[in-house]
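Student: Let me give you the structure first, and then I'll get to my questions.
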There are 2 protein chains.
Amino acid sequence: MHTDLVAALDIGGTKIAGALVDGDGSLLVRAQRPTPAREGAEAVMGAVDEVLGELMASPQWGRAGFVGIGSAGPVDAAAGTVSPVNVPGWRDFPLVERVHKTAGGLSVALVGDGVAMTAAEHWLGAARGYDNALCLVVSTGVGGGLVLGGTLRPGPSGNAGHIGHISVDLDGDPCPCGARGCVEGIASGPNIARRALENGWRPGPDGDETAAAVAVAARAGNPVAIASYERAAQALAAGIAATATLADLDIAVVGGGVAGAGDVLFVPLRRSLREYATLSYLRRLTVAPAVMGTDAGLVGAAAAAIALR
Amino acid sequence: MHTDLVAALDIGGTKIAGALVDGDGSLLVRAQRPTPAREGAEAVMGAVDEVLGELMASPQWGRAGFVGIGSAGPVDAAAGTVSPVNVPGWRDFPLVERVHKTAGGLSVALVGDGVAMTAAEHWLGAARGYDNALCLVVSTGVGGGLVLGGTLRPGPSGNAGHIGHISVDLDGDPCPCGARGCVEGIASGPNIARRALENGWRPGPDGDETAAAVAVAARAGNPVAIASYERAAQALAAGIAATATLADLDIAVVGGGVAGAGDVLFVPLRRSLREYATLSYLRRLTVAPAVMGTDAGLVGAAAAAIALR
């Protein structure tokens with residue numbers, strides 16, 4: 001039988017999603033389980049096996065030629081293992097070998113979730129047609145991935161483009177990663193909300209203290225809320241400019257929940273980028289919002305597997 | 001006749017060097033002129049033509065198959081032009097076309113000087129055998145280049161790896177490039193010397209106020225001199241860690257005059273790198289001094305031309 005589908009897995013701290021993805025990026029069959037993130041390694045793997053089992057029960061399974069996994073990081077693509085920060089039971093867990101076995105011996109490609117999102121945006125989204133791209137996910141954390149010379153570049157470990165943990169403030173606040181002044185520590189959703197609260201912003205009657213609520217306040221003109229987004233934008237701009245300077249980029253695509261703030265984020269981000277991306281070869285650099293939405297992880301896991309075959 | 005040589009040009013603000021380079025990286029014929037950096041575009045090109053003319057007068061010239069140029073940046077490899085900061089007469093100067101004409105129609109590859117140095121270190125130097133490398137030149141300025149997946153990666157503009165102008169201090173001192181807190185503004189030789197002088201270090205009877213003199217003082221235990229090198233090391237470490245995090249690197253090779261400080265630089269550099277390069281996939285990252293010396297520019301221009309053929 002012609003194998004024209006990819007079995008894609010998107011593994012996060014909240015849910016484990018799977019799909020059979022065709023050559024146009026359409027999801028033909030879907031399955032999903034909550035991630036038993038606080039349980040042991042085998043319980044988490046059990047959820048993966050259930051998702052795979054559902055896909056394998058589909059009459060389309062026979063068309064699946066290989067498996068692509070995008071996983072919360074860090075991952076170790078060379079070893080085939082994952083150690084997702086938010087899934088404590090999995091440390092150096094041999095996910096590739098286990099999925100290979102469950103999936104009846106299909107070959108398996110593994111990348112970090114930021115790399116998967118990047119593969120999706122390059123295949124069918126905002127980075128389509130750009131040969132040199134950084135795609136960012138700005139959410140609870142800040143991740144990313146790189147396309148260089150027209151090709152997905154996950155690096156030997158599968159983590160390249162992990163912009164959340166580069167320091168843009170070498171004397172800055174300590175980061176849980178051990179470094180200081182990381183982009184994530186300034187620009188993630190929780191840090192946008194924390195900074196607004198510390199500087200006197202208060203949530204409305206609904207008690208919503210998230211970055212999304214800060215964005216609503218910013219749109220209404222609240223100066224503390226505006227300033228918190230501007231600071232996040234400045235850190236993202238410094239990080240994007242650093243990446244563009246190092247990798248000679250055409251475009252940066254910004255997705256994730258924080259990007260949902262729209263102009264509240266993108267207007268100061270574009271302004272700050274002009275301040276930090278100053279070299280002549282960066283004049284061509286553009287910034288665009290991500291467009292692939294919630295299926296980016298699955299489409300990207302498939303795209304990455306195709307790119308890395 | 002078999003064309004087994006590369007005609008290499010190394011174009012800097014002080015001198016224009018040329019050589020015929022063989023497949024082992026040996027320089028068979030050399031030529032050199034001072035750069036008439038304060039004169040007009042044609043005067044500078046005249047010096048290039050004289051260097052090329054000397055090479056072309058060699059009985060070996062017939063073995064030269066193509067030309068490789070490493071130039072002070074920024075360069076524009078796509079357009080074939082250069083705009084070296086220290087050669088004001090050359091702005092968007094069509095160097096590739098002009099060299100192509102002078103060299104009797106040989107094809108010409110152009111990269112920035114940091115990329116050329118990287119090509120040399122990867123071909124025959126400290127980065128040999130490493131598939132993912134950043135090489136830095138820490139001198140009057142701070143430049144660099146990248147090897148990714150075993151291949152030189154100059155980027156479409158020929159400037160990729162230009163680590164001197166990434167910001168590691170987003171609220172830091174303004175940089176002539178227009179950004180703030182750039183690595184070069186903290187870690188270059190002149191900035192090491194400036195910081196030492198500002199904090200009370202005084203040169204010896206010879207009046208030498210360079211970073212090399214600060215290194216001598218640091219080795220003798222002068223705390224201000226030591227602190228200035230430590231700060232430079234911290235900025236380099238933050239920049240190297242950012243690059244390693246983004247590009248998933250195996251090694252960083254540090255050359256240029258400032259690297260001549262030896263342990264005065266490398267001991268705090270390795271210490272600071274442990275603080276900033278914290279993610280699990282960076283455990284393999286090593287730091288090594290460059291080994292290619294003053295011919296790195298010529299060997300690298302040849303290596304880059306070979307890599308980009």
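To be explicit about the labels: the chains of the structure tokens are called A, B, and onward in the order shown, and within each one the residues are counted from 1, while ligands get numbers from 1 in the order they are shown.
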Can you pull out the residues contacting Ala261 (chain A)? Cut-off 12 Å, using only C-alpha atoms, and skip same-chain residues under 6 positions away; I want them as a PyMOL selection string.
Tutor: chain A and resi 138-139+189+192+210-219+225-226+229-230+232-233+254-255+267-269+289
Student: Counting only C-alpha atoms, a student should be able to say which residues of chain A come within 9 Å of chain B; what is the right answer, written as a PDB file with C-alpha atoms, in the first residue's frame?
Tutor:
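The resulting selection28.pdb:
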```pdb
ATOM      1  CA  PRO A  74      14.364  19.422  26.315  1.00  0.00           C
ATOM      2  CA  VAL A  75      14.593  16.537  23.889  1.00  0.00           C
ATOM      3  CA  ASP A  76      17.662  14.609  22.834  1.00  0.00           C
ATOM      4  CA  ASN A 132      15.801  31.788   6.776  1.00  0.00           C
ATOM      5  CA  GLY A 144      11.367  28.447  19.022  1.00  0.00           C
ATOM      6  CA  GLY A 145      12.955  26.866  16.016  1.00  0.00           C
ATOM      7  CA  LEU A 146      15.002  27.742  12.951  1.00  0.00           C
ATOM      8  CA  LEU A 148      18.125  28.006   7.531  1.00  0.00           C
ATOM      9  CA  GLY A 149      18.870  27.882   3.825  1.00  0.00           C
ATOM     10  CA  ARG A 153      17.489  23.097  11.295  1.00  0.00           C
ATOM     11  CA  PRO A 154      16.744  21.227  14.539  1.00  0.00           C
ATOM     12  CA  GLY A 155      20.418  20.757  15.356  1.00  0.00           C
ATOM     13  CA  PRO A 156      21.906  17.464  16.519  1.00  0.00           C
ATOM     14  CA  SER A 157      19.904  17.558  19.756  1.00  0.00           C
ATOM     15  CA  GLY A 158      16.611  18.653  18.158  1.00  0.00           C
ATOM     16  CA  ASN A 159      16.477  21.842  20.269  1.00  0.00           C
ATOM     17  CA  ALA A 160      18.006  24.527  18.037  1.00  0.00           C
ATOM     18  CA  GLY A 161      16.198  27.864  18.121  1.00  0.00           C
ATOM     19  CA  HIS A 162      15.374  27.679  21.823  1.00  0.00           C
ATOM     20  CA  ILE A 163      15.318  31.456  22.170  1.00  0.00           C
ATOM     21  CA  HIS A 165      16.859  30.696  27.313  1.00  0.00           C
ATOM     22  CA  ILE A 166      19.274  33.103  25.752  1.00  0.00           C
ATOM     23  CA  SER A 167      20.324  35.928  28.053  1.00  0.00           C
ATOM     24  CA  VAL A 168      19.525  39.446  26.894  1.00  0.00           C
ATOM     25  CA  ASP A 169      20.366  40.929  30.303  1.00  0.00           C
ATOM     26  CA  LEU A 170      23.596  39.420  31.549  1.00  0.00           C
ATOM     27  CA  ASP A 171      23.228  40.981  35.021  1.00  0.00           C
ATOM     28  CA  GLY A 172      19.476  40.357  35.131  1.00  0.00           C
ATOM     29  CA  CYS A 177      17.499  27.394  34.094  1.00  0.00           C
ATOM     30  CA  GLY A 178      20.461  28.700  36.103  1.00  0.00           C
ATOM     31  CA  ALA A 179      21.372  31.647  33.881  1.00  0.00           C
ATOM     32  CA  ARG A 180      20.339  35.308  34.219  1.00  0.00           C
ATOM     33  CA  GLY A 181      18.159  37.637  32.206  1.00  0.00           C
ATOM     34  CA  GLN A 234      11.938  44.732  24.147  1.00  0.00           C
ATOM     35  CA  ALA A 235      13.298  41.402  25.383  1.00  0.00           C
ATOM     36  CA  ALA A 238      16.718  41.809  21.584  1.00  0.00           C
ATOM     37  CA  GLY A 239      16.466  38.031  21.278  1.00  0.00           C
ATOM     38  CA  ALA A 241      17.736  40.637  16.694  1.00  0.00           C
ATOM     39  CA  ALA A 242      20.469  38.461  18.211  1.00  0.00           C
ATOM     40  CA  THR A 243      19.178  35.436  16.329  1.00  0.00           C
ATOM     41  CA  ALA A 244      18.863  37.389  13.083  1.00  0.00           C
ATOM     42  CA  THR A 245      22.375  38.804  13.493  1.00  0.00           C
ATOM     43  CA  LEU A 246      23.794  35.331  14.115  1.00  0.00           C
ATOM     44  CA  ALA A 247      21.746  33.391  11.587  1.00  0.00           C
ATOM     45  CA  ASP A 248      21.162  36.025   8.863  1.00  0.00           C
ATOM     46  CA  LEU A 249      17.365  35.780   8.908  1.00  0.00           C
ATOM     47  CA  ARG A 274      14.415  48.623  14.726  1.00  0.00           C
ATOM     48  CA  GLU A 275      16.540  49.552  17.764  1.00  0.00           C
ATOM     49  CA  TYR A 276      18.308  46.191  18.136  1.00  0.00           C
ATOM     50  CA  ALA A 277      18.491  44.842  14.565  1.00  0.00           C
ATOM     51  CA  THR A 278      20.638  47.623  13.146  1.00  0.00           C
ATOM     52  CA  LEU A 279      23.175  45.989  10.830  1.00  0.00           C
ATOM     53  CA  SER A 280      22.723  46.532   7.111  1.00  0.00           C
ATOM     54  CA  TYR A 281      22.073  42.880   6.332  1.00  0.00           C
TER      55      TYR A 281
END
```
Student: Record the distance separating CA of Leu110 (chain A) and CA of Thr151 (chain B), expressed in Å with one decimal.
Tutor: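 Interatomic distance here is 22.4 Å.
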Student: So what do you get for CA of Ala41 (chain A) versus CA of Gly104 (chain A), distance-wise?
Tutor: 20.8 Å
Student: What is the CA of Ala116 (chain B)-CA of Arg194 (chain B) distance in Å, reported with one decimal?
Tutor: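 CA of Arg194 (chain B) lies 28.6 Å from CA of Ala116 (chain B).
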Student: Which residues, written as a list in words, have at least one atom at most 10 Å from Val21 (chain B), with only C-alpha atoms counted and residues fewer than 6 positions away on the same chain left out?
Tutor: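 These residues fall inside the cut-off: Asp4, Leu5, Val6, Ala7, Ala8, Leu27, Leu28, Val29, Arg30, Ala64, Gly68, Leu298, Val299, Gly300, Ala301, Ala302 and Ala303 of chain B.
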Student: Limited to C-alpha atoms, could you put the picked residues into a file as a compact mmCIF listing (two decimals), in the first residue's frame?
Tutor:
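Dumped to out_32.txt:
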```txt
# COMPACT_ATOMS: atom_id res chain seq x y z
CA ASP B 4 44.04 22.87 -7.93
CA LEU B 5 44.68 26.27 -6.31
CA VAL B 6 42.47 29.01 -4.93
CA ALA B 7 43.37 32.68 -5.26
CA ALA B 8 42.58 34.05 -1.80
CA LEU B 27 50.22 29.46 0.83
CA LEU B 28 52.34 29.06 -2.32
CA VAL B 29 52.58 32.66 -3.47
CA ARG B 30 51.87 35.75 -1.38
CA ALA B 64 44.04 28.91 -9.84
CA GLY B 68 37.86 33.45 -2.50
CA LEU B 298 43.83 33.89 3.62
CA VAL B 299 43.43 30.20 4.40
CA GLY B 300 39.83 30.90 5.37
CA ALA B 301 39.02 32.85 2.22
CA ALA B 302 40.24 29.82 0.27
CA ALA B 303 38.36 27.40 2.51
```
Student: Run DSSP on the backbone of this structure and report the residues of region 121-306 of chain B it assigns to helix (DSSP H, G or I), as a PyMOL selection string.
Tutor: chain B and resi 121-124+163-165+183-187+189-198+211-219+223-247+257-261+263-276+280-282+293-306
Student: So which residues of region 150-291 of chain B fall under strand (DSSP E or B) by DSSP, listed as a PyMOL selection string?
Tutor: chain B and resi 151-152+167+169+174+180+182+251-255+286-289
Student: Save the residues we just selected, C-alpha atoms, as an mmCIF file, in the first residue's frame?
Tutor:
```cif
data_model
loop_
_atom_site.group_PDB
_atom_site.id
_atom_site.type_symbol
_atom_site.label_atom_id
_atom_site.label_comp_id
_atom_site.auth_asym_id
_atom_site.auth_seq_id
_atom_site.Cartn_x
_atom_site.Cartn_y
_atom_site.Cartn_z
ATOM 1 C CA THR B 151 29.106 22.951 6.617
ATOM 2 C CA LEU B 152 30.163 26.595 6.664
ATOM 3 C CA SER B 167 22.884 42.569 22.678
ATOM 4 C CA ASP B 169 22.538 43.834 28.004
ATOM 5 C CA PRO B 174 24.635 52.583 23.384
ATOM 6 C CA ARG B 180 22.607 48.750 23.236
ATOM 7 C CA CYS B 182 26.421 44.663 22.266
ATOM 8 C CA ILE B 251 32.434 24.086 20.223
ATOM 9 C CA ALA B 252 33.292 27.774 20.375
ATOM 10 C CA VAL B 253 36.744 28.758 19.112
ATOM 11 C CA VAL B 254 38.068 32.127 20.276
ATOM 12 C CA GLY B 255 40.798 33.951 18.366
ATOM 13 C CA THR B 286 33.624 23.208 24.729
ATOM 14 C CA VAL B 287 35.741 26.332 24.290
ATOM 15 C CA ALA B 288 39.145 26.353 22.612
ATOM 16 C CA PRO B 289 41.616 29.014 21.510
#
```
Student: Show which residues sit within 9 Å of His122 (chain A), as a PyMOL selection string. Count only C-alpha atoms, and ignore same-chain residues fewer than 3 positions away.
Tutor: chain A and resi 117-119+125-131+133+135+147+150+152+300+303
